[in-house]
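A.B. asks: What follows is work_21.pdb, made up of PDB, C-alpha atoms and all ligand atoms:
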ATOM      1  CA  MET F1026     -42.761 -82.210  36.670
ATOM      2  CA  ARG F1027     -45.325 -79.743  38.020
ATOM      3  CA  GLN F1028     -44.432 -78.274  41.420
ATOM      4  CA  PHE F1029     -45.922 -75.843  43.929
ATOM      5  CA  VAL F1030     -44.079 -74.007  46.701
ATOM      6  CA  TYR F1031     -46.345 -72.734  49.481
ATOM      7  CA  PHE F1032     -44.710 -70.184  51.799
ATOM      8  CA  SER F1033     -45.966 -69.306  55.280
ATOM      9  CA  SER F1034     -44.191 -66.983  57.698
ATOM     10  CA  SER F1035     -46.301 -68.261  60.610
ATOM     11  CA  ALA F1036     -47.005 -72.007  60.099
ATOM     12  CA  ALA F1037     -45.819 -74.125  63.067
ATOM     13  CA  THR F1038     -42.383 -75.694  62.641
ATOM     14  CA  SER F1039     -42.463 -78.571  65.136
ATOM     15  CA  GLY F1040     -44.784 -81.504  65.758
ATOM     16  CA  ASN F1041     -45.290 -80.378  69.362
ATOM     17  CA  ALA F1042     -46.255 -76.844  68.344
ATOM     18  CA  LEU F1043     -48.754 -78.175  65.802
ATOM     19  CA  SER F1044     -50.148 -80.711  68.317
ATOM     20  CA  LYS F1045     -50.725 -77.973  70.870
ATOM     21  CA  TYR F1046     -53.204 -76.273  68.562
ATOM     22  CA  SER F1047     -54.633 -78.987  66.370
ATOM     23  CA  GLY F1048     -57.258 -80.516  68.641
ATOM     24  CA  GLY F1049     -59.878 -79.778  65.965
ATOM     25  CA  GLU F1050     -60.073 -78.437  62.401
ATOM     26  CA  GLY F1051     -60.912 -74.921  63.661
ATOM     27  CA  ASN F1052     -57.802 -74.808  65.824
ATOM     28  CA  LEU F1053     -55.522 -75.357  62.846
ATOM     29  CA  MET F1054     -56.077 -71.638  62.250
ATOM     30  CA  LYS F1055     -54.084 -70.971  65.423
ATOM     31  CA  ALA F1056     -51.138 -73.114  64.278
ATOM     32  CA  GLY F1057     -50.041 -70.382  61.846
ATOM     33  CA  ARG F1058     -53.026 -70.890  59.533
ATOM     34  CA  MET F1059     -52.206 -74.515  58.872
ATOM     35  CA  ASP F1060     -55.749 -74.711  57.444
ATOM     36  CA  ILE F1061     -54.622 -72.654  54.412
ATOM     37  CA  ALA F1062     -51.584 -74.897  53.911
ATOM     38  CA  ILE F1063     -53.822 -77.987  54.024
ATOM     39  CA  HIS F1064     -56.438 -76.583  51.611
ATOM     40  CA  SER F1065     -53.688 -75.565  49.156
ATOM     41  CA  PHE F1066     -52.109 -79.010  49.338
ATOM     42  CA  ILE F1067     -55.471 -80.714  48.724
ATOM     43  CA  GLN F1068     -56.021 -78.591  45.602
ATOM     44  CA  GLY F1069     -52.465 -79.328  44.486
ATOM     45  CA  VAL F1070     -52.409 -83.079  44.828
ATOM     46  CA  PHE F1071     -55.915 -84.585  45.137
ATOM     47  CA  LEU F1072     -58.393 -85.448  42.394
ATOM     48  CA  SER F1073     -61.766 -87.087  42.853
ATOM     49  CA  HIS F1074     -60.858 -90.731  43.652
ATOM     50  CA  ASP F1075     -57.275 -90.191  42.524
ATOM     51  CA  PHE F1076     -54.020 -88.300  43.144
ATOM     52  CA  ARG F1077     -51.838 -86.153  40.962
ATOM     53  CA  LYS F1078     -48.706 -88.269  41.154
ATOM     54  CA  ASP F1079     -46.923 -85.880  38.755
ATOM     55  CA  VAL F1080     -47.112 -83.020  41.293
ATOM     56  CA  VAL F1081     -44.520 -82.228  43.971
ATOM     57  CA  PHE F1082     -45.863 -79.961  46.711
ATOM     58  CA  HIS F1083     -43.434 -78.020  48.909
ATOM     59  CA  PHE F1084     -44.249 -76.310  52.196
ATOM     60  CA  ILE F1085     -41.859 -73.653  53.495
ATOM     61  CA  PHE F1086     -42.750 -72.847  57.094
ATOM     62  CA  TYR F1087     -41.200 -69.959  59.016
ATOM     63  CA  GLY F1088     -43.330 -70.017  62.184
ATOM     64  CA  GLN F1089     -42.099 -70.902  65.682
ATOM     65  CA  PRO F1090     -40.367 -72.725  67.304
ATOM     66  CA  ASP F1091     -37.702 -73.926  64.827
ATOM     67  CA  PRO F1092     -37.825 -72.166  61.428
ATOM     68  CA  PRO F1093     -37.307 -72.721  58.593
ATOM     69  CA  LYS F1094     -38.740 -76.122  57.672
ATOM     70  CA  HIS F1095     -39.054 -77.459  54.148
ATOM     71  CA  ILE F1096     -41.535 -80.303  53.692
ATOM     72  CA  GLU F1097     -41.767 -81.949  50.279
ATOM     73  CA  ILE F1098     -44.575 -84.348  49.338
ATOM     74  CA  GLN F1099     -45.097 -86.340  46.167
ATOM     75  CA  VAL F1100     -47.786 -88.995  46.434
ATOM     76  CA  LYS F1101     -46.422 -92.417  45.485
ATOM     77  CA  ASP F1102     -48.290 -95.723  45.062
ATOM     78  CA  GLU F1103     -47.221 -96.655  48.627
ATOM     79  CA  THR F1104     -48.143 -93.306  50.261
ATOM     80  CA  GLN F1105     -51.078 -93.715  52.642
ATOM     81  CA  ILE F1106     -52.822 -90.355  52.529
ATOM     82  CA  SER F1107     -56.408 -89.158  52.854
ATOM     83  CA  LYS F1108     -57.915 -85.717  52.361
ATOM     84  CA  LYS F1109     -59.186 -85.853  55.969
ATOM     85  CA  ASP F1110     -55.770 -86.613  57.392
ATOM     86  CA  VAL F1111     -53.403 -84.057  55.818
ATOM     87  CA  GLY F1112     -52.958 -82.142  59.110
ATOM     88  CA  ASN F1113     -51.880 -85.325  60.913
ATOM     89  CA  ILE F1114     -49.462 -86.222  58.127
ATOM     90  CA  ILE F1115     -47.821 -82.779  58.325
ATOM     91  CA  LYS F1116     -47.619 -83.203  62.105
ATOM     92  CA  LYS F1117     -46.030 -86.658  61.770
ATOM     93  CA  ILE F1118     -43.484 -85.312  59.240
ATOM     94  CA  LEU F1119     -42.603 -82.394  61.560
ATOM     95  CA  TYR F1120     -42.162 -84.789  64.518
ATOM     96  CA  LYS F1121     -39.694 -86.931  62.535
ATOM     97  CA  TYR F1122     -37.400 -84.029  61.606
ATOM     98  CA  LYS F1123     -33.746 -84.851  62.291
ATOM     99  CA  GLY F1124     -31.254 -81.987  62.484
ATOM    100  CA  GLY F1125     -28.807 -81.648  59.616
ATOM    101  CA  GLU F1126     -30.378 -84.080  57.167
ATOM    102  CA  LYS F1127     -33.177 -84.494  54.638
ATOM    103  CA  THR F1128     -35.323 -87.301  56.003
ATOM    104  CA  GLU F1129     -37.906 -89.396  54.128
ATOM    105  CA  VAL F1130     -40.555 -89.827  56.814
ATOM    106  CA  LEU F1131     -43.173 -91.604  54.678
ATOM    107  CA  PRO F1132     -42.950 -92.732  51.026
ATOM    108  CA  GLY F1133     -42.475 -89.523  48.998
ATOM    109  CA  CYS F1134     -42.605 -87.259  52.098
ATOM    110  CA  PHE F1135     -39.399 -85.471  53.123
ATOM    111  CA  ILE F1136     -38.410 -82.879  55.698
ATOM    112  CA  GLU F1137     -35.278 -80.757  56.077
ATOM    113  CA  LYS F1138     -34.162 -77.400  57.392
ATOM    114  CA  LYS F1139     -33.787 -75.196  54.325
ATOM    115  CA  SER F1140     -34.524 -71.555  53.613
ATOM    116  CA  PHE F1141     -37.138 -70.334  51.146
ATOM    117  CA  LEU F1142     -34.524 -69.021  48.694
ATOM    118  CA  GLY F1143     -32.382 -72.130  49.234
ATOM    119  CA  VAL F1144     -35.282 -74.332  48.074
ATOM    120  CA  ILE F1145     -35.973 -72.120  45.041
ATOM    121  CA  GLU F1146     -32.282 -72.020  44.046
ATOM    122  CA  GLU F1147     -32.151 -75.812  44.165
ATOM    123  CA  LEU F1148     -35.272 -76.082  41.980
ATOM    124  CA  ILE F1149     -33.656 -73.713  39.440
ATOM    125  CA  LYS F1150     -30.451 -75.811  39.434
ATOM    126  CA  GLU F1151     -32.565 -78.893  38.678
ATOM    127  CA  GLY F1152     -33.732 -77.150  35.470
ATOM    128  CA  ASN F1153     -37.185 -75.921  36.498
ATOM    129  CA  GLU F1154     -38.707 -72.626  35.398
ATOM    130  CA  ILE F1155     -40.032 -70.683  38.376
ATOM    131  CA  PHE F1156     -43.218 -68.603  38.365
ATOM    132  CA  ILE F1157     -44.442 -66.362  41.194
ATOM    133  CA  LEU F1158     -48.210 -66.377  41.646
ATOM    134  CA  ASP F1159     -49.089 -62.694  41.869
ATOM    135  CA  LYS F1160     -52.345 -60.896  41.124
ATOM    136  CA  LYS F1161     -50.392 -58.197  39.263
ATOM    137  CA  GLY F1162     -48.352 -60.615  37.149
ATOM    138  CA  GLU F1163     -48.695 -61.516  33.479
ATOM    139  CA  ASP F1164     -51.916 -63.291  32.498
ATOM    140  CA  ILE F1165     -51.168 -67.017  32.895
ATOM    141  CA  ARG F1166     -53.234 -67.743  29.774
ATOM    142  CA  LYS F1167     -50.727 -65.727  27.719
ATOM    143  CA  THR F1168     -47.658 -67.203  29.394
ATOM    144  CA  SER F1169     -45.516 -69.919  27.893
ATOM    145  CA  ILE F1170     -44.995 -72.645  30.520
ATOM    146  CA  PRO F1171     -42.547 -75.541  30.165
ATOM    147  CA  LYS F1172     -43.149 -79.078  31.442
ATOM    148  CA  ASP F1173     -40.763 -78.591  34.387
ATOM    149  CA  CYS F1174     -42.443 -75.682  36.130
ATOM    150  CA  VAL F1175     -42.715 -74.410  39.703
ATOM    151  CA  PHE F1176     -45.379 -72.045  41.062
ATOM    152  CA  ILE F1177     -44.711 -70.094  44.266
ATOM    153  CA  LEU F1178     -47.580 -68.828  46.404
ATOM    154  CA  GLY F1179     -48.033 -67.262  49.814
ATOM    155  CA  ASP F1180     -50.469 -67.771  52.685
ATOM    156  CA  HIS F1181     -52.976 -65.105  53.871
ATOM    157  CA  GLU F1182     -50.049 -62.707  54.394
ATOM    158  CA  GLY F1183     -48.580 -63.258  50.945
ATOM    159  CA  LEU F1184     -44.877 -63.643  50.171
ATOM    160  CA  PRO F1185     -42.110 -61.949  52.219
ATOM    161  CA  GLN F1186     -41.076 -58.588  50.668
ATOM    162  CA  LYS F1187     -37.291 -59.025  50.819
ATOM    163  CA  GLU F1188     -37.276 -62.489  49.214
ATOM    164  CA  LEU F1189     -39.991 -61.440  46.749
ATOM    165  CA  LYS F1190     -37.841 -58.567  45.462
ATOM    166  CA  ARG F1191     -34.937 -60.953  44.894
ATOM    167  CA  LEU F1192     -37.155 -63.600  43.265
ATOM    168  CA  LYS F1193     -38.678 -61.055  40.899
ATOM    169  CA  SER F1194     -35.221 -60.306  39.488
ATOM    170  CA  TYR F1195     -35.035 -63.815  37.987
ATOM    171  CA  CYS F1196     -38.586 -65.259  37.965
ATOM    172  CA  LYS F1197     -41.694 -64.277  36.036
ATOM    173  CA  SER F1198     -44.842 -63.283  37.961
ATOM    174  CA  VAL F1199     -48.084 -64.746  36.655
ATOM    175  CA  SER F1200     -51.662 -63.839  37.490
ATOM    176  CA  VAL F1201     -54.689 -66.134  37.411
ATOM    177  CA  GLY F1202     -57.152 -63.233  37.380
ATOM    178  CA  ASN F1203     -57.806 -59.706  38.587
ATOM    179  CA  LYS F1204     -59.223 -60.752  41.959
ATOM    180  CA  MET F1205     -57.281 -61.626  45.134
ATOM    181  CA  TYR F1206     -58.015 -65.346  45.483
ATOM    182  CA  PHE F1207     -57.473 -67.771  48.331
ATOM    183  CA  ALA F1208     -54.091 -69.467  48.038
ATOM    184  CA  SER F1209     -55.860 -72.803  47.478
ATOM    185  CA  GLN F1210     -57.994 -71.357  44.675
ATOM    186  CA  THR F1211     -54.907 -70.257  42.733
ATOM    187  CA  VAL F1212     -53.468 -73.777  42.964
ATOM    188  CA  ALA F1213     -56.706 -75.221  41.537
ATOM    189  CA  VAL F1214     -56.662 -72.709  38.654
ATOM    190  CA  VAL F1215     -53.002 -73.425  37.794
ATOM    191  CA  ASN F1216     -53.618 -77.186  37.820
ATOM    192  CA  ASN F1217     -56.632 -76.725  35.556
ATOM    193  CA  GLU F1218     -54.694 -74.474  33.144
ATOM    194  CA  LEU F1219     -51.847 -76.988  32.871
ATOM    195  CA  ASP F1220     -54.318 -79.866  32.453
ATOM    196  CA  TYR F1221     -55.906 -78.021  29.495
ATOM    197  CA  ARG F1222     -52.469 -77.565  27.930
ATOM    198  CA  GLY F1223     -51.551 -81.197  28.534
ATOM    199  CA  ILE F1224     -48.390 -80.157  30.407
TER     200      ILE F1224
HETATM  201  C1  LIG D   1     -54.837 -64.748  49.941
HETATM  202  S1  LIG D   1     -53.521 -64.385  48.872
HETATM  203  C2  LIG D   1     -52.487 -63.330  49.846
HETATM  204  C3  LIG D   1     -53.067 -62.028  50.190
HETATM  205  C4  LIG D   1     -52.040 -61.084  50.808
HETATM  206  N1  LIG D   1     -52.734 -60.111  51.600
HETATM  207  C5  LIG D   1     -51.189 -60.388  49.737
HETATM  208  O1  LIG D   1     -51.393 -59.212  49.506
HETATM  209  O2  LIG D   1     -50.336 -61.047  49.111
HETATM  210  C6  LIG D   1     -52.580 -65.855  48.879
HETATM  211  C7  LIG D   1     -51.664 -66.057  47.696
HETATM  212  O3  LIG D   1     -52.444 -66.395  46.553
HETATM  213  C8  LIG D   1     -51.795 -65.949  45.367
HETATM  214  N2  LIG D   1     -52.793 -65.159  44.626
HETATM  215  C9  LIG D   1     -53.938 -64.617  45.087
HETATM  216  N3  LIG D   1     -54.635 -64.036  44.085
HETATM  217  C10 LIG D   1     -53.902 -64.232  42.960
HETATM  218  C11 LIG D   1     -54.104 -63.896  41.584
HETATM  219  N4  LIG D   1     -55.155 -63.206  41.171
HETATM  220  N5  LIG D   1     -53.173 -64.309  40.677
HETATM  221  C12 LIG D   1     -52.072 -65.013  41.076
HETATM  222  N6  LIG D   1     -51.849 -65.359  42.366
HETATM  223  C13 LIG D   1     -52.731 -64.969  43.290
HETATM  224  C14 LIG D   1     -50.556 -65.176  45.794
HETATM  225  O4  LIG D   1     -49.418 -65.982  45.653
HETATM  226  C15 LIG D   1     -50.829 -64.864  47.255
HETATM  227  O5  LIG D   1     -49.624 -64.795  48.002
END
Starting from the coordinates I provided, produce the structure as structure tokens.
C.D. replies:
Amino acid sequence: MRQFVYFSSSAATSGNALSKYSGGEGNLMKAGRMDIAIHSFIQGVFLSHDFRKDVVFHFIFYGQPDPPKHIEIQVKDETQISKKDVGNIIKKILYKYKGGEKTEVLPGCFIEKKSFLGVIEELIKEGNEIFILDKKGEDIRKTSIPKDCVFILGDHEGLPQKELKRLKSYCKSVSVGNKMYFASQTVAVVNNELDYRGI
């Protein structure tokens, strides 16, 4: 399985908080740059007239008022989702959060309270190899990547220093080029690279 973990230290962590700001596409910028989260998700999971059903996309949000929140989405045959509606789906998932449990809000869409490192440790236990997306990492084209792989990326502020230091002690950093790309652009490049390799 191919997976992405998108981290944001500022993305809103309740349905109410997201509602307050998301009157229009432009305002999603005020909800802790939810626009970047949405663009990254679209590049992770959508194809022209199709979905990547073999991708699991994780959001780790550390913004106010109730961090952390882990949202996991894998599009299933029954999942009703449109490129124009991702913000509303995230809002709906946040609204349905129930303390102390992992809840399936819509088919393939889960929410729970779990820390960034907690999510990564669980993905390692499940047998995945973890890669950090980092401009200074090893060239992805020269990196061996197994079928069960996870790519971690940050929002406009990047990944948190303390957790990054810990992650680097047991995960490889990979680069998709010598420019600083938008988070969403790196997701598109990784998907394309894995498609070429038939992973
Ligand atoms: C807009 S960048 C973050 C910029 C932020 N100021 C920083 O220094 O990390 C968003 C994310 O995209 C990924 N990224 C950007 N350029 C990359 C590259 N050339 N190779 C691999 N990942 C990259 C990183 O995971 C980064 O956290």
A.B. asks: Got a sec to check which residues lie within 6 Å of ligand LIG 1 (chain D), using all atoms listed in the file, and send them as a PyMOL selection string?
C.D. replies: chain F and resi 1158-1160+1178-1184+1199-1208+1211
A.B. asks: Atom CA of Ala1042 of chain F to atom CA of Asp1110 of chain F: how many Å, to one decimal?
C.D. replies: 17.5 Å
A.B. asks: Mind telling me what the PyMOL selection byres (((chain F and resi 1153) around 9) and not hetatm) catches here, as number ranges by chain?
C.D. replies: F: 1026, 1148-1152, 1154-1155, 1171-1175
A.B. asks: Using only C-alpha atoms, please write the residues we just selected to a file, as a compact mmCIF listing (two decimals), in the frame of the given file.
C.D. replies:
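Output file part-v3.txt is given in full below:
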# COMPACT_ATOMS: atom_id res chain seq x y z
CA MET F 1026 -42.76 -82.21 36.67
CA LEU F 1148 -35.27 -76.08 41.98
CA ILE F 1149 -33.66 -73.71 39.44
CA LYS F 1150 -30.45 -75.81 39.43
CA GLU F 1151 -32.56 -78.89 38.68
CA GLY F 1152 -33.73 -77.15 35.47
CA GLU F 1154 -38.71 -72.63 35.40
CA ILE F 1155 -40.03 -70.68 38.38
CA PRO F 1171 -42.55 -75.54 30.16
CA LYS F 1172 -43.15 -79.08 31.44
CA ASP F 1173 -40.76 -78.59 34.39
CA CYS F 1174 -42.44 -75.68 36.13
CA VAL F 1175 -42.72 -74.41 39.70
A.B. asks: Suppose a student applies the PyMOL selection byres (((chain F and resi 1082) around 12) and not hetatm) to this structure; what residues should they get, written as a ChimeraX atom specification?
C.D. replies: /F:1026-1032,1062-1063,1065-1071,1077-1081,1083-1085,1095-1100,1133-1135,1174-1178,1212
A.B. asks: Taking C-alpha atoms for each residue, export the selection above as a PDB file, in the coordinates of the input.
C.D. replies:
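File written: part14.pdb
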ATOM      1  CA  MET F1026     -42.761 -82.210  36.670  1.00  0.00           C
ATOM      2  CA  ARG F1027     -45.325 -79.743  38.020  1.00  0.00           C
ATOM      3  CA  GLN F1028     -44.432 -78.274  41.420  1.00  0.00           C
ATOM      4  CA  PHE F1029     -45.922 -75.843  43.929  1.00  0.00           C
ATOM      5  CA  VAL F1030     -44.079 -74.007  46.701  1.00  0.00           C
ATOM      6  CA  TYR F1031     -46.345 -72.734  49.481  1.00  0.00           C
ATOM      7  CA  PHE F1032     -44.710 -70.184  51.799  1.00  0.00           C
ATOM      8  CA  ALA F1062     -51.584 -74.897  53.911  1.00  0.00           C
ATOM      9  CA  ILE F1063     -53.822 -77.987  54.024  1.00  0.00           C
ATOM     10  CA  SER F1065     -53.688 -75.565  49.156  1.00  0.00           C
ATOM     11  CA  PHE F1066     -52.109 -79.010  49.338  1.00  0.00           C
ATOM     12  CA  ILE F1067     -55.471 -80.714  48.724  1.00  0.00           C
ATOM     13  CA  GLN F1068     -56.021 -78.591  45.602  1.00  0.00           C
ATOM     14  CA  GLY F1069     -52.465 -79.328  44.486  1.00  0.00           C
ATOM     15  CA  VAL F1070     -52.409 -83.079  44.828  1.00  0.00           C
ATOM     16  CA  PHE F1071     -55.915 -84.585  45.137  1.00  0.00           C
ATOM     17  CA  ARG F1077     -51.838 -86.153  40.962  1.00  0.00           C
ATOM     18  CA  LYS F1078     -48.706 -88.269  41.154  1.00  0.00           C
ATOM     19  CA  ASP F1079     -46.923 -85.880  38.755  1.00  0.00           C
ATOM     20  CA  VAL F1080     -47.112 -83.020  41.293  1.00  0.00           C
ATOM     21  CA  VAL F1081     -44.520 -82.228  43.971  1.00  0.00           C
ATOM     22  CA  HIS F1083     -43.434 -78.020  48.909  1.00  0.00           C
ATOM     23  CA  PHE F1084     -44.249 -76.310  52.196  1.00  0.00           C
ATOM     24  CA  ILE F1085     -41.859 -73.653  53.495  1.00  0.00           C
ATOM     25  CA  HIS F1095     -39.054 -77.459  54.148  1.00  0.00           C
ATOM     26  CA  ILE F1096     -41.535 -80.303  53.692  1.00  0.00           C
ATOM     27  CA  GLU F1097     -41.767 -81.949  50.279  1.00  0.00           C
ATOM     28  CA  ILE F1098     -44.575 -84.348  49.338  1.00  0.00           C
ATOM     29  CA  GLN F1099     -45.097 -86.340  46.167  1.00  0.00           C
ATOM     30  CA  VAL F1100     -47.786 -88.995  46.434  1.00  0.00           C
ATOM     31  CA  GLY F1133     -42.475 -89.523  48.998  1.00  0.00           C
ATOM     32  CA  CYS F1134     -42.605 -87.259  52.098  1.00  0.00           C
ATOM     33  CA  PHE F1135     -39.399 -85.471  53.123  1.00  0.00           C
ATOM     34  CA  CYS F1174     -42.443 -75.682  36.130  1.00  0.00           C
ATOM     35  CA  VAL F1175     -42.715 -74.410  39.703  1.00  0.00           C
ATOM     36  CA  PHE F1176     -45.379 -72.045  41.062  1.00  0.00           C
ATOM     37  CA  ILE F1177     -44.711 -70.094  44.266  1.00  0.00           C
ATOM     38  CA  LEU F1178     -47.580 -68.828  46.404  1.00  0.00           C
ATOM     39  CA  VAL F1212     -53.468 -73.777  42.964  1.00  0.00           C
TER      40      VAL F1212
END
A.B. asks: With the PyMOL selection byres (((chain F and resi 1057) around 9) and not hetatm) as the selection, what would be picked from this file? Answer as a VMD selection string, please.
C.D. replies: chain F and resid 1033 to 1037 1043 1053 to 1056 1058 to 1060 1088 to 1089
A.B. asks: Using Å and a single decimal, report how far atom CA of Lys1139 of chain F sits from atom CA of Pro1093 of chain F.
C.D. replies: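 Between atom CA of Pro1093 of chain F and atom CA of Lys1139 of chain F the gap works out to 6.1 Å.
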A.B. asks: Per residue of segment 1057-1161 of chain F within 9 Å of segment 1186-1190 of chain F, what are the shortest atom pair and its distance in Å to one decimal, counting only C-alpha atoms, with rows by chain and residue number, as a tab-separated table?
C.D. replies:
residue	atom	partner	partner_atom	distance
F:Phe1141	CA	F:Glu1188	CA	8.1
F:Leu1142	CA	F:Glu1188	CA	7.1
F:Ile1157	CA	F:Leu1189	CA	8.7
A.B. asks: Which of these residues is nearest to Val1215 of chain F, using only C-alpha atoms: F:Tyr1195, F:Pro1185, F:Pro1132, F:Asp1164?
C.D. replies: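 The closest residue to Val1215 of chain F is F:Asp1164.
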A.B. asks: Measure the distance from atom CA of Gly1040 of chain F to atom CA of Ile1118 of chain F in Å and round it to one decimal.
C.D. replies: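 Taking atom CA of Gly1040 of chain F and atom CA of Ile1118 of chain F, their separation equals 7.7 Å.
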A.B. asks: Taking into account only C-alpha atoms, which residue in the set F:Leu1219, F:Phe1156, F:His1064, F:Ala1213 is nearest to Lys1109 of chain F?
C.D. replies: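 The answer is F:His1064, which sits nearest to Lys1109 of chain F.
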